[in-house]
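Enquirer: This structure is in structure tokens; I'll ask about it shortly.
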Amino acid sequence: MPLIRLLLLTLATAAAKPFTATAAQATAAAAIARDPSDWKDGGVITVVPNVQAYIIDFDTAYTQIQALRSAVTDVKVVCYFSAGVFEDYRVDEDQQRRNITLADWGTGTFGNNVSVWGGRYLDVRSPAVREVQRRRLEWMAGIGCDGVDPDNTDIHWANTGFNLTRGDLIDYIRFITGTAHAYGMAAGLKNAGDLLPDVEASVDWVVTESCFATQQCGLYEALSLAKPVISIEYCDAAVLGATTQDPACFCPRALAKGWDQMLKQHELGPAGIACVRYCEQYTCGSADGTGPCPAASGDICNATLPASPLF
């Protein structure tokens, strides 16, 4: 996924139970479970009324976190980073801000190129890679991140060049989340639904993208009563090689699961609508439906999404 991400969400309290960890973790988890949060592309974060939790790129957090804390009382900041892909545009920031050099990544730890978003896959089994990520997590805690959003932890399905196994990624996710917890931060899981049964105890929430479009929502259903599930569908899913589903079908199904569900554009600009608001404005179907939802008709990005997020 692109690196600087922030999505406006509102998370359902009914889906969330506080996890037991440090006070800082519990505070971050409560914010993610309770309050609207903002996740958007861009280096400068715009404060949005009634938004209490912000999920932002960790290098954006370095320059923006204090401004957020000044502008928003009790704001909670979750810091996004790519855990499974090396991004060459981070080299300067890693060296200048975190004293991490290219040599610190070790030898032979950069794999094949990532075809969609760019960068190179990492050998997540490598002690050198894990030490770099530990130092990054320590740095994130130091600048005030309340939680972390590690991306690209499902690369066992990818042509990485390393023949990584499911077990390798389970171990790596546990390493990342355990290290975040040790530094007093909460930690989520991005996608990787097939790994969820083995890492559920380690993560504090789950973000899933396009699970209705890809027919993979069942992977996350067992979690929804224990920890928050943040589910995003895209009105322009065709750009990502999928078909946008009719929100009148998937919205009531997601809400019945206790999920926080939103419809957004794939580039994650400010426009968006939470499913709870969608079903107030439009006629939604039954929450008891089974099978795939029908495809959305027309240009629902322009027809449905308000310019300002609607919670």
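Labels used: A, B, ... for chains in the order of the structure tokens, numbers from 1 for residues in each chain, and numbers from 1 for ligands as shown.
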Quick one: residues within 12 Å of region 100-104 of chain A, only C-alpha atoms counted, chain neighbours fewer than 6 positions away excluded, as a PyMOL selection string?
Expert: chain A and resi 86-94+110+126-136+139
Enquirer: Which neighbours of Leu122 (chain A) fall inside 6 Å, counting only C-alpha atoms, when residues of the same chain fewer than 6 positions from it are skipped, and could you give them as a list in words?
Expert: Gly84, Val85, Thr109, Phe110 and Gly111 of chain A
Enquirer: With distances taken over only C-alpha atoms, which of A:Val124, A:Cys293, A:Ala271, A:Cys279 is nearest to Leu310 (chain A)?
Expert: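 Closest to Leu310 (chain A), using only C-alpha atoms: A:Ala271.
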Enquirer: Find the residues around Gly285 (chain A) up to 8 Å (only C-alpha atoms counted), leave out those fewer than 5 positions away in its own chain, and share them as a count of residues only.
Expert: 3
Enquirer: Skip Thr153 (chain A) itself and residues of its chain fewer than 2 positions away, then list as a PyMOL selection string all residues within 9 Å of it, counting only C-alpha atoms.
Expert: chain A and resi 82-85+150-151+155-156+169-170+172-173+189-192
Enquirer: Using only C-alpha atoms, determine which residues lie at most 12 Å from Asp194 (chain A), disregarding the query and same-chain residues fewer than 6 positions distant; provide the list as number ranges by chain.
Expert: A: 153-157, 166-167, 169-170, 200, 208, 216-222
Enquirer: Region 137-192 of chain A: which residues are strand (DSSP E) by DSSP, as an mmCIF file with C-alpha atoms, in the first residue's frame?
Expert:
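Resulting contents of out-v9.cif:
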```cif
data_model
loop_
_atom_site.group_PDB
_atom_site.id
_atom_site.type_symbol
_atom_site.label_atom_id
_atom_site.label_comp_id
_atom_site.auth_asym_id
_atom_site.auth_seq_id
_atom_site.Cartn_x
_atom_site.Cartn_y
_atom_site.Cartn_z
ATOM 1 C CA GLY A 147 0.155 2.707 18.284
ATOM 2 C CA VAL A 148 1.561 1.323 15.038
ATOM 3 C CA ASP A 149 0.024 0.161 11.758
ATOM 4 C CA PRO A 150 2.547 -2.260 10.182
ATOM 5 C CA ASP A 151 1.807 -2.918 6.503
ATOM 6 C CA ALA A 186 -0.615 -0.713 20.549
ATOM 7 C CA ALA A 187 -0.302 -2.638 17.266
ATOM 8 C CA LEU A 189 -2.829 -6.112 11.675
ATOM 9 C CA LYS A 190 -3.273 -4.922 8.077
#
```
Enquirer: Can you tell me how far CA of Ser115 (chain A) sits from CA of Asp57 (chain A), in Å to one decimal?
Expert: 21.1 Å
